[in-house]
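Source file: my_file_38.cif; contents: mmCIF, C-alpha atoms (C1' of nucleotides).
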```cif
data_my_file
loop_
_atom_site.label_atom_id
_atom_site.label_comp_id
_atom_site.auth_asym_id
_atom_site.auth_seq_id
_atom_site.Cartn_x
_atom_site.Cartn_y
_atom_site.Cartn_z
CA MET A 1 37.00 109.35 28.58
CA THR A 2 35.97 107.39 25.51
CA ALA A 3 35.92 110.42 23.20
CA LYS A 4 39.61 110.95 23.84
CA ARG A 5 40.45 107.29 23.26
CA ILE A 6 38.61 107.40 19.95
CA LEU A 7 40.59 110.48 19.02
CA ILE A 8 43.94 108.80 19.71
CA VAL A 9 43.07 105.64 17.81
CA ALA A 10 41.64 107.67 14.94
CA LEU A 11 44.89 109.62 14.65
CA LYS A 12 46.83 106.38 14.32
CA HIS A 13 44.55 105.03 11.60
CA PHE A 14 44.15 108.27 9.65
CA SER A 15 47.89 108.82 9.66
CA ALA A 16 48.63 105.33 8.37
CA LYS A 17 45.87 104.96 5.78
CA GLY A 18 44.42 108.41 5.20
CA TYR A 19 40.87 109.62 5.55
CA ASP A 20 39.32 107.55 2.78
CA GLY A 21 41.36 104.48 3.62
CA THR A 22 40.15 104.37 7.21
CA SER A 23 36.77 102.99 8.24
CA LEU A 24 34.93 103.80 11.44
CA ALA A 25 34.57 100.07 12.07
CA GLU A 26 38.34 99.69 12.28
CA ILE A 27 38.64 102.58 14.69
CA ALA A 28 35.81 101.29 16.85
CA GLY A 29 37.29 97.80 16.87
CA ASP A 30 40.65 99.13 18.02
CA VAL A 31 39.02 101.18 20.76
CA GLY A 32 37.04 98.15 21.90
CA ILE A 33 33.56 99.40 21.05
CA LYS A 34 31.17 98.96 18.12
CA LYS A 35 30.87 101.32 15.19
CA PRO A 36 27.59 103.06 16.14
CA SER A 37 28.99 103.99 19.56
CA ILE A 38 31.32 106.46 17.90
CA TYR A 39 28.27 108.53 16.99
CA ALA A 40 27.59 109.14 20.67
CA HIS A 41 30.84 111.18 20.70
CA TYR A 42 31.22 112.54 17.18
CA LYS A 43 28.35 113.34 14.89
CA SER A 44 30.08 112.13 11.70
CA LYS A 45 33.35 110.86 10.26
CA HIS A 46 34.09 114.40 9.08
CA ASP A 47 33.52 115.65 12.56
CA LEU A 48 35.90 113.09 14.06
CA PHE A 49 38.57 113.88 11.48
CA LEU A 50 38.32 117.61 12.10
CA ALA A 51 38.60 116.97 15.83
CA VAL A 52 41.84 115.07 15.23
CA VAL A 53 43.12 117.91 13.02
CA GLU A 54 42.32 120.45 15.71
CA GLU A 55 43.99 118.36 18.40
CA VAL A 56 47.17 117.95 16.36
CA ALA A 57 47.24 121.60 15.28
CA GLU A 58 46.77 122.80 18.85
CA ASP A 59 49.58 120.60 20.09
CA TYR A 60 51.85 121.88 17.33
CA ARG A 61 51.01 125.53 18.00
CA ASN A 62 51.83 125.13 21.68
CA TYR A 63 55.07 123.33 21.02
CA ARG A 64 56.25 125.86 18.45
CA GLN A 65 55.43 128.78 20.69
CA GLN A 66 57.32 127.16 23.55
CA VAL A 67 60.37 126.57 21.36
CA LEU A 68 60.36 130.18 20.18
CA LEU A 69 60.13 131.30 23.79
CA ASP A 70 62.82 128.96 25.10
CA THR A 71 65.35 130.04 22.47
CA LYS A 72 64.76 133.75 22.82
CA THR A 73 68.00 134.47 24.66
CA MET A 74 70.30 132.49 22.34
CA ASN A 75 72.53 134.01 19.72
CA PHE A 76 71.42 133.80 16.11
CA GLU A 77 73.07 130.70 14.81
CA GLN A 78 72.35 128.83 18.03
CA ARG A 79 68.72 129.89 17.98
CA LEU A 80 68.13 129.09 14.34
CA TYR A 81 69.72 125.67 14.74
CA CYS A 82 67.85 124.98 17.94
CA ILE A 83 64.49 125.81 16.35
CA PHE A 84 65.46 123.70 13.37
CA GLU A 85 66.41 120.72 15.51
CA SER A 86 63.41 121.11 17.82
CA MET A 87 60.95 120.95 14.95
CA ILE A 88 62.51 117.74 13.66
CA ILE A 89 62.57 116.23 17.15
CA TYR A 90 58.93 117.17 17.63
CA PHE A 91 57.90 115.20 14.59
CA LEU A 92 60.27 112.32 15.28
CA GLN A 93 59.04 111.75 18.80
CA ASP A 94 55.65 110.70 17.45
CA ARG A 95 55.81 109.38 13.89
CA SER A 96 52.03 108.92 13.74
CA LYS A 97 51.53 112.58 14.47
CA MET A 98 54.15 113.54 11.93
CA ALA A 99 52.65 111.41 9.16
CA PHE A 100 49.15 112.68 9.94
CA TRP A 101 50.35 116.24 9.96
CA VAL A 102 52.13 116.08 6.63
CA ARG A 103 49.40 114.04 4.98
CA VAL A 104 46.69 116.45 6.05
CA TRP A 105 48.47 119.55 4.85
CA MET A 106 49.67 118.10 1.58
CA PHE A 107 46.70 115.92 0.69
CA PRO A 108 43.64 116.77 2.77
CA PRO A 109 40.38 114.98 1.93
CA VAL A 110 38.89 117.02 -0.91
CA GLU A 111 35.63 117.82 0.87
CA LEU A 112 37.52 119.32 3.81
CA ARG A 113 40.31 121.01 1.89
CA ASP A 114 39.25 124.62 2.39
CA THR A 115 38.24 124.20 6.02
CA ILE A 116 41.57 122.64 6.89
CA LEU A 117 43.97 124.62 4.75
CA MET A 118 42.85 128.12 5.66
CA PRO A 119 44.09 128.13 9.28
CA TRP A 120 47.27 126.31 8.26
CA LYS A 121 48.25 128.88 5.66
CA ASN A 122 48.02 131.46 8.39
CA LEU A 123 50.07 129.32 10.77
CA ASN A 124 52.73 129.04 8.10
CA THR A 125 52.78 132.72 7.16
CA VAL A 126 53.37 133.63 10.78
CA PHE A 127 56.25 131.18 10.99
CA VAL A 128 57.93 132.57 7.85
CA SER A 129 57.73 136.06 9.34
CA ILE A 130 59.21 134.96 12.64
CA ILE A 131 62.14 133.21 11.00
CA GLU A 132 62.60 136.14 8.64
CA ASN A 133 62.84 138.50 11.61
CA ILE A 134 65.47 136.35 13.24
CA PHE A 135 67.56 136.41 10.06
CA GLN A 136 66.99 140.15 9.81
CA GLU A 137 68.36 140.70 13.29
CA GLY A 138 71.26 138.38 12.50
CA ILE A 139 72.12 140.43 9.44
CA ALA A 140 71.85 143.69 11.39
CA LYS A 141 74.22 142.39 14.05
CA GLY A 142 76.66 140.97 11.50
CA GLU A 143 76.26 137.31 12.50
CA VAL A 144 74.53 136.46 9.25
CA ARG A 145 75.95 137.48 5.86
CA ASP A 146 74.32 140.39 4.08
CA GLY A 147 71.38 139.31 1.93
CA ASN A 148 67.62 139.08 1.75
CA ALA A 149 66.22 137.83 5.06
CA ARG A 150 63.00 136.53 3.51
CA ASP A 151 64.88 134.43 0.98
CA MET A 152 67.00 133.00 3.76
CA ALA A 153 63.90 132.22 5.82
CA ASN A 154 62.30 130.46 2.88
CA THR A 155 65.44 128.45 2.20
CA TYR A 156 65.60 127.50 5.87
CA LEU A 157 61.98 126.35 5.87
CA CYS A 158 62.31 124.45 2.61
CA LEU A 159 65.25 122.58 4.08
CA LEU A 160 63.20 121.81 7.18
CA ASP A 161 60.32 120.51 5.05
CA GLY A 162 62.71 118.46 2.98
CA ILE A 163 64.16 116.72 6.01
CA ILE A 164 60.72 115.95 7.38
CA THR A 165 59.72 114.60 3.98
CA ARG A 166 62.68 112.26 3.92
CA VAL A 167 62.25 111.21 7.54
CA ILE A 168 58.74 109.99 6.70
CA LEU A 169 60.15 107.73 4.03
CA THR A 170 62.78 106.07 6.20
CA ASP A 171 62.28 103.98 9.30
CA ASP A 172 65.71 104.53 10.80
CA ASP A 173 67.27 107.54 12.50
CA HIS A 174 69.51 108.32 9.56
CA TYR A 175 68.28 111.85 9.06
CA ILE A 176 68.21 112.91 12.69
CA ASN A 177 71.82 111.73 12.99
CA MET A 178 73.00 113.80 10.08
CA LEU A 179 71.15 116.92 11.20
CA PRO A 180 74.29 118.75 12.38
CA GLN A 181 75.98 118.09 9.04
CA VAL A 182 72.99 119.29 7.04
CA TRP A 183 72.86 122.39 9.16
CA GLN A 184 76.58 122.95 8.66
CA CYS A 185 76.04 122.80 4.88
CA PHE A 186 73.28 125.35 5.03
CA TRP A 187 75.11 127.64 7.40
CA ALA A 188 78.53 127.58 5.77
CA GLY A 189 77.29 127.26 2.20
CA ALA A 190 78.77 125.14 -0.54
CA LYS A 191 80.90 127.82 -2.20
CA ALA A 192 84.66 127.44 -1.91
CA MET B 1 43.90 104.03 -27.83
CA THR B 2 41.38 103.88 -25.03
CA ALA B 3 43.79 102.25 -22.57
CA LYS B 4 46.05 105.30 -22.80
CA ARG B 5 43.18 107.74 -22.34
CA ILE B 6 42.08 105.86 -19.24
CA LEU B 7 45.64 106.09 -17.93
CA ILE B 8 45.79 109.86 -18.39
CA VAL B 9 42.42 110.49 -16.77
CA ALA B 10 43.25 108.10 -13.94
CA LEU B 11 46.46 110.01 -13.22
CA LYS B 12 44.47 113.24 -12.87
CA HIS B 13 41.96 111.71 -10.47
CA PHE B 14 44.43 109.69 -8.40
CA SER B 15 46.66 112.74 -8.01
CA ALA B 16 43.80 114.95 -6.84
CA LYS B 17 41.95 112.53 -4.57
CA GLY B 18 44.27 109.61 -3.94
CA TYR B 19 43.70 105.94 -4.56
CA ASP B 20 40.90 105.39 -2.07
CA GLY B 21 39.21 108.67 -2.89
CA THR B 22 38.91 107.87 -6.57
CA SER B 23 36.23 105.60 -8.01
CA LEU B 24 36.39 103.82 -11.34
CA ALA B 25 33.01 105.31 -12.23
CA GLU B 26 34.46 108.84 -12.08
CA ILE B 27 37.36 107.87 -14.29
CA ALA B 28 35.11 106.12 -16.79
CA GLY B 29 32.74 109.08 -16.87
CA ASP B 30 35.59 111.46 -17.61
CA VAL B 31 36.92 109.23 -20.38
CA GLY B 32 33.45 109.00 -21.87
CA ILE B 33 32.83 105.31 -21.32
CA LYS B 34 31.01 103.26 -18.70
CA LYS B 35 32.65 101.75 -15.67
CA PRO B 36 32.74 98.07 -16.77
CA SER B 37 34.54 99.03 -20.00
CA ILE B 38 37.67 99.78 -17.96
CA TYR B 39 37.96 96.07 -17.23
CA ALA B 40 38.52 95.42 -20.95
CA HIS B 41 41.83 97.31 -20.54
CA TYR B 42 42.90 96.77 -16.94
CA LYS B 43 42.05 93.75 -14.88
CA SER B 44 41.48 95.65 -11.61
CA LYS B 45 41.76 99.02 -9.92
CA HIS B 46 45.10 97.94 -8.46
CA ASP B 47 46.28 97.06 -11.93
CA LEU B 48 45.28 100.44 -13.31
CA PHE B 49 46.95 102.26 -10.45
CA LEU B 50 50.19 100.33 -10.87
CA ALA B 51 50.11 101.10 -14.59
CA VAL B 52 49.88 104.81 -13.78
CA VAL B 53 52.77 104.47 -11.31
CA GLU B 54 54.90 102.72 -13.91
CA GLU B 55 54.08 105.33 -16.54
CA VAL B 56 54.99 108.21 -14.23
CA ALA B 57 58.16 106.51 -12.94
CA GLU B 58 59.32 105.72 -16.46
CA ASP B 59 58.78 109.30 -17.57
CA TYR B 60 60.71 110.56 -14.54
CA ARG B 61 63.60 108.15 -15.09
CA ASN B 62 63.96 109.25 -18.69
CA TYR B 63 63.80 112.93 -17.85
CA ARG B 64 66.33 112.67 -15.06
CA GLN B 65 68.75 110.70 -17.18
CA GLN B 66 68.43 113.27 -19.96
CA VAL B 67 69.11 116.14 -17.54
CA LEU B 68 72.20 114.40 -16.17
CA LEU B 69 73.40 113.87 -19.72
CA ASP B 70 72.66 117.40 -20.92
CA THR B 71 74.54 119.01 -18.03
CA LYS B 72 77.61 116.79 -18.23
CA THR B 73 79.88 119.44 -19.72
CA MET B 74 78.96 122.26 -17.35
CA ASN B 75 81.10 123.41 -14.44
CA PHE B 76 80.05 122.30 -10.98
CA GLU B 77 77.93 125.14 -9.70
CA GLN B 78 76.27 125.53 -13.06
CA ARG B 79 75.55 121.83 -13.29
CA LEU B 80 74.23 121.49 -9.75
CA TYR B 81 71.97 124.49 -10.20
CA CYS B 82 70.79 123.33 -13.58
CA ILE B 83 69.86 119.88 -12.25
CA PHE B 84 68.15 121.55 -9.31
CA GLU B 85 66.15 123.87 -11.55
CA SER B 86 65.35 121.17 -14.07
CA MET B 87 63.82 118.92 -11.44
CA ILE B 88 61.57 121.72 -10.20
CA ILE B 89 60.59 122.64 -13.74
CA TYR B 90 59.79 119.02 -14.50
CA PHE B 91 57.31 118.86 -11.67
CA LEU B 92 55.91 122.32 -12.31
CA GLN B 93 55.18 121.69 -15.96
CA ASP B 94 52.56 119.12 -14.95
CA ARG B 95 51.17 119.67 -11.48
CA SER B 96 49.02 116.55 -11.68
CA LYS B 97 52.08 114.44 -12.26
CA MET B 98 53.90 116.19 -9.44
CA ALA B 99 51.09 115.69 -6.95
CA PHE B 100 50.66 112.06 -7.97
CA TRP B 101 54.36 111.46 -7.69
CA VAL B 102 54.72 112.91 -4.22
CA ARG B 103 51.51 111.36 -2.94
CA VAL B 104 52.49 107.91 -4.13
CA TRP B 105 55.94 107.97 -2.60
CA MET B 106 54.91 109.51 0.68
CA PHE B 107 51.53 107.87 1.18
CA PRO B 108 51.05 104.90 -1.12
CA PRO B 109 47.89 102.82 -0.70
CA VAL B 110 48.72 100.37 2.09
CA GLU B 111 48.08 97.23 0.04
CA LEU B 112 50.57 98.36 -2.61
CA ARG B 113 53.19 99.91 -0.34
CA ASP B 114 55.91 97.32 -0.73
CA THR B 115 55.40 96.84 -4.44
CA ILE B 116 55.66 100.56 -5.09
CA LEU B 117 58.33 101.64 -2.62
CA MET B 118 61.00 99.08 -3.43
CA PRO B 119 61.93 100.36 -6.90
CA TRP B 120 61.71 103.96 -5.71
CA LYS B 121 64.19 103.48 -2.88
CA ASN B 122 66.61 102.23 -5.46
CA LEU B 123 65.89 105.17 -7.77
CA ASN B 124 66.61 107.53 -4.90
CA THR B 125 69.81 105.81 -3.75
CA VAL B 126 71.20 106.11 -7.25
CA PHE B 127 70.38 109.81 -7.34
CA VAL B 128 72.08 110.49 -4.00
CA SER B 129 75.22 108.79 -5.30
CA ILE B 130 75.22 110.77 -8.52
CA ILE B 131 74.85 114.10 -6.72
CA GLU B 132 77.46 113.03 -4.18
CA ASN B 133 79.92 112.31 -6.99
CA ILE B 134 79.36 115.73 -8.50
CA PHE B 135 80.07 117.37 -5.14
CA GLN B 136 83.12 115.14 -4.74
CA GLU B 137 84.53 116.29 -8.06
CA GLY B 138 83.73 119.88 -7.13
CA ILE B 139 85.68 119.55 -3.90
CA ALA B 140 88.60 117.91 -5.68
CA LYS B 141 88.77 120.74 -8.20
CA GLY B 142 88.39 123.43 -5.54
CA GLU B 143 85.04 124.80 -6.76
CA VAL B 144 83.24 123.50 -3.71
CA ARG B 145 84.47 124.13 -0.18
CA ASP B 146 86.14 121.25 1.61
CA GLY B 147 83.67 119.01 3.44
CA ASN B 148 81.73 115.77 3.26
CA ALA B 149 80.28 115.28 -0.22
CA ARG B 150 77.54 112.94 0.97
CA ASP B 151 76.30 115.46 3.52
CA MET B 152 76.24 118.13 0.86
CA ALA B 153 74.33 115.85 -1.48
CA ASN B 154 71.77 115.07 1.21
CA THR B 155 71.36 118.75 2.05
CA TYR B 156 70.92 119.53 -1.64
CA LEU B 157 68.25 116.85 -2.03
CA CYS B 158 66.42 117.85 1.15
CA LEU B 159 66.24 121.39 -0.16
CA LEU B 160 64.91 120.10 -3.47
CA ASP B 161 62.24 118.04 -1.69
CA GLY B 162 61.32 120.99 0.48
CA ILE B 163 60.72 123.24 -2.50
CA ILE B 164 58.60 120.61 -4.22
CA THR B 165 56.64 120.17 -1.00
CA ARG B 166 55.93 123.87 -0.82
CA VAL B 167 55.11 124.17 -4.50
CA ILE B 168 52.37 121.59 -4.05
CA LEU B 169 50.76 123.73 -1.37
CA THR B 170 50.68 126.94 -3.41
CA ASP B 171 48.87 127.62 -6.64
CA ASP B 172 51.04 130.50 -7.79
CA ASP B 173 54.58 130.58 -9.17
CA HIS B 174 56.03 132.03 -6.00
CA TYR B 175 58.56 129.28 -5.43
CA ILE B 176 59.75 128.93 -8.98
CA ASN B 177 60.40 132.67 -9.04
CA MET B 178 62.52 132.63 -5.94
CA LEU B 179 64.54 129.61 -7.04
CA PRO B 180 67.69 131.61 -7.82
CA GLN B 181 67.57 133.23 -4.38
CA VAL B 182 67.10 129.92 -2.60
CA TRP B 183 69.98 128.50 -4.56
CA GLN B 184 72.12 131.49 -3.69
CA CYS B 185 71.40 130.90 0.01
CA PHE B 186 72.42 127.28 -0.25
CA TRP B 187 75.50 127.97 -2.32
CA ALA B 188 76.85 130.94 -0.38
CA GLY B 189 75.68 129.80 3.04
CA ALA B 190 74.24 131.96 5.78
CA LYS B 191 77.41 132.52 7.76
CA ALA B 192 78.80 136.05 7.78
"C1'" DG C 1 35.21 96.91 -26.85
"C1'" DT C 2 31.31 98.72 -25.07
"C1'" DC C 3 27.11 98.26 -23.07
"C1'" DT C 4 23.08 96.93 -19.37
"C1'" DA C 5 22.19 94.36 -15.50
"C1'" DT C 6 23.46 92.56 -11.37
"C1'" DA C 7 26.06 90.33 -7.91
"C1'" DA C 8 28.54 90.84 -3.59
"C1'" DC C 9 29.96 93.62 -0.30
"C1'" DA C 10 31.57 97.49 2.68
"C1'" DA C 11 30.74 102.11 3.98
"C1'" DG C 12 28.49 105.96 6.79
"C1'" DA C 13 24.66 106.80 9.34
"C1'" DT C 14 20.11 106.14 12.15
"C1'" DA C 15 16.40 103.84 15.22
"C1'" DG C 16 15.36 102.09 19.20
"C1'" DA C 17 16.13 98.59 23.09
"C1'" DC C 18 18.77 98.32 27.29
"C1'" DG D 1 26.78 105.20 26.29
"C1'" DT D 2 26.67 101.04 24.16
"C1'" DC D 3 24.51 97.67 21.79
"C1'" DT D 4 21.82 94.99 17.65
"C1'" DA D 5 19.46 95.60 13.60
"C1'" DT D 6 18.67 98.06 9.62
"C1'" DC D 7 18.72 101.58 5.86
"C1'" DT D 8 20.89 103.67 2.06
"C1'" DT D 9 24.37 104.46 -0.83
"C1'" DG D 10 28.46 103.62 -3.31
"C1'" DT D 11 32.02 100.45 -4.37
"C1'" DT D 12 34.69 96.77 -7.14
"C1'" DA D 13 33.91 93.34 -10.12
"C1'" DT D 14 31.53 89.88 -13.31
"C1'" DA D 15 28.04 87.88 -16.82
"C1'" DG D 16 26.39 88.06 -21.01
"C1'" DA D 17 24.05 90.64 -25.00
"C1'" DC D 18 25.44 93.37 -29.01
#
```

Written form, structure tokens:
Amino acid sequence: MTAKRILIVALKHFSAKGYDGTSLAEIAGDVGIKKPSIYAHYKSKHDLFLAVVEEVAEDYRNYRQQVLLDTKTMNFEQRLYCIFESMIIYFLQDRSKMAFWVRVWMFPPVELRDTILMPWKNLNTVFVSIIENIFQEGIAKGEVRDGNARDMANTYLCLLDGIITRVILTDDDHYINMLPQVWQCFWAGAKA
Amino acid sequence: MTAKRILIVALKHFSAKGYDGTSLAEIAGDVGIKKPSIYAHYKSKHDLFLAVVEEVAEDYRNYRQQVLLDTKTMNFEQRLYCIFESMIIYFLQDRSKMAFWVRVWMFPPVELRDTILMPWKNLNTVFVSIIENIFQEGIAKGEVRDGNARDMANTYLCLLDGIITRVILTDDDHYINMLPQVWQCFWAGAKA
DNA sequence: GTCTATAACAAGATAGAC
DNA sequence: GTCTATCTTGTTATAGAC
């Protein structure tokens, strides 16, 4: 199906050069068709971009849900680390997808900002709550030190974002290799 | 000086809409001049953009150096937290500058990628080393738990990046308010 | 230094043949 | 569904008057 091929190529271009930096002619050329043919599948550039966003968001939702399900029986540290690692691996396995993802959420095209950001904020709020609950259970069972579960969840997610941020800026596997050490620092703390 | 006014307005537009999403006509209009007048001060759009990058980088370099100097006499936790907080405050005090900064380093315009990223990588490497040294001293003096100083420095910087990332996505002061709690989580660890 | 006018071009989008 | 041809608009950039 041509529509799908356009979608895949569009993702690659949008992730590398952004919405404004990508032309439909480039996408068409890469697909092997001419520019006007795109309009047989998507009614505008906006429309194509939103389709890519939806595709990527759907994929992410499914993956995240699966990870949360697969780790359900683990103990707290194991589960938190496994979720942590899985999210990094998800983004690393397809750097185009990762770059697109981060670029869209941080710097969406102005005209589409509200359309795009609304569902994401919800997606994020849900995730904070889930992680918070895991910390809460950990505290209740004595596997996590006493403290505010929401603060811990936010720290956890900031650390996750930070690693993803730095992974985007490097081409090597430096940050995936030091994941266990970073986790160890978070888990054990810095205090003597 | 008109050149300076153009620079300030350009920063605002580039940070909100990116390089490709900003036209010289918009900038000129906001400054109160016509589009061709910009060429009396900057020889191209590239040139103007690079001037903004240099301005922002210079400001950041100076600020960071000052912070490192001002905190030199503090004890380790105090100093690490103070640097941490200062960097967040720096970006919060001017959200335009923060957004521009992050956007440029994460998603520079493709044609300027190499020009822009080379000096930044160096800027970052230096910072990692400085933070690593502080952790190293902390370990030596027993104020920081025994461990790898470089890993701690990387964790520290990932957390910093993560907070900045999340601050960009929210309009309120949520993340600056919970800074002490996030720091507490990092410093004390999550382990029971 | 700033302006008007304009060149030169690339972009998104549409019409209509096949 | 894909093409060629075309429209319209917006872009960077320059020429030359004031």

Matched chain/residue IDs from the PyMOL selection byres ((chain C) within 10 of (chain A)), as a list in words: DA10, DA11, DG12, DA13 and DT14 of chain C

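Across the model, the gap from atom CA of Ile83 of chain A to atom CA of Leu68 of chain A is 7.1 Å.
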
Would you write out, as a short mmCIF file (atom, residue, chain, number, x, y, z; two decimals) with C-alpha atoms, in the frame of the given file, every residue that the PyMOL selection byres ((chain B and resi 95) around 10) captures in this file?
```cif
data_model
loop_
_atom_site.label_atom_id
_atom_site.label_comp_id
_atom_site.auth_asym_id
_atom_site.auth_seq_id
_atom_site.Cartn_x
_atom_site.Cartn_y
_atom_site.Cartn_z
CA LYS B 12 44.47 113.24 -12.87
CA SER B 15 46.66 112.74 -8.01
CA ALA B 16 43.80 114.95 -6.84
CA TYR B 90 59.79 119.02 -14.50
CA PHE B 91 57.31 118.86 -11.67
CA LEU B 92 55.91 122.32 -12.31
CA GLN B 93 55.18 121.69 -15.96
CA ASP B 94 52.56 119.12 -14.95
CA SER B 96 49.02 116.55 -11.68
CA LYS B 97 52.08 114.44 -12.26
CA MET B 98 53.90 116.19 -9.44
CA ALA B 99 51.09 115.69 -6.95
CA PHE B 100 50.66 112.06 -7.97
CA TRP B 101 54.36 111.46 -7.69
CA VAL B 167 55.11 124.17 -4.50
CA ILE B 168 52.37 121.59 -4.05
CA ASP B 171 48.87 127.62 -6.64
#
```

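Atom C1' of DA5 of chain C to atom CA of Asp30 of chain B spans 21.8 Å [interatomic distance, one decimal].
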
Interface list for chain D, partner chain A, 9 Å threshold, all atoms listed in the file, as a PDB file with C-alpha atoms (C1' of nucleotides), in the coordinates of the input:
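Dumped to out15.pdb:
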```pdb
ATOM      1  C1'  DG D   1      26.780 105.200  26.290  1.00  0.00           C
ATOM      2  C1'  DT D   2      26.670 101.040  24.160  1.00  0.00           C
ATOM      3  C1'  DC D   3      24.510  97.670  21.790  1.00  0.00           C
TER       4       DC D   3
END
```

Restrict the distance test to all atoms listed in the file, flag each residue of chain A within 6 Å of chain B, and return the flagged residues as a ChimeraX atom specification. /A:20-21,143-145,155,158-159,161-163,182,186-192

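For the pair atom CA of Glu58 of chain A and atom CA of Ile8 of chain A, the interatomic distance is 14.3 Å.
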
List the spatial neighbours of DC9 of chain C as a list in words - criterion: any atom at most 12 Å away, all atoms listed in the file, same-chain residues fewer than 5 positions off excluded. DG10, DT11, DT12 and DA13 of chain D

Any idea what's packed within 7 Å of Leu7 of chain B, counting only C-alpha atoms (C1' of nucleotides), ignoring anything in its chain fewer than 4 positions away? Could you give it as a ChimeraX atom specification? /B:3,11,52

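In terms of minimum interatomic distance to Val126 of chain A, A:Arg64 ranks closest within A:Gly32, A:His46, A:Arg64, A:Glu85, counting all atoms listed in the file.
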
When you look at Pro119 of chain A with a cut-off of 12 Å (counting only C-alpha atoms (C1' of nucleotides)), what residues show up, excluding the ones that are within fewer than 4 positions of it in the same chain? I need them as an MDAnalysis selection string. chainID A and resid 53:54 57:58 61 105 113:115 123:126

Build an axis-aligned box that encloses every atom of segment 2-15 of chain C listed in the file, pad it by 6 Å on each side, and report its centre and edge lengths in Å to one decimal, as AutoDock Vina command-line options.
```
--center_x 24.0 --center_y 98.6 --center_z -4.9 --size_x 27.2 --size_y 28.5 --size_z 52.3
```
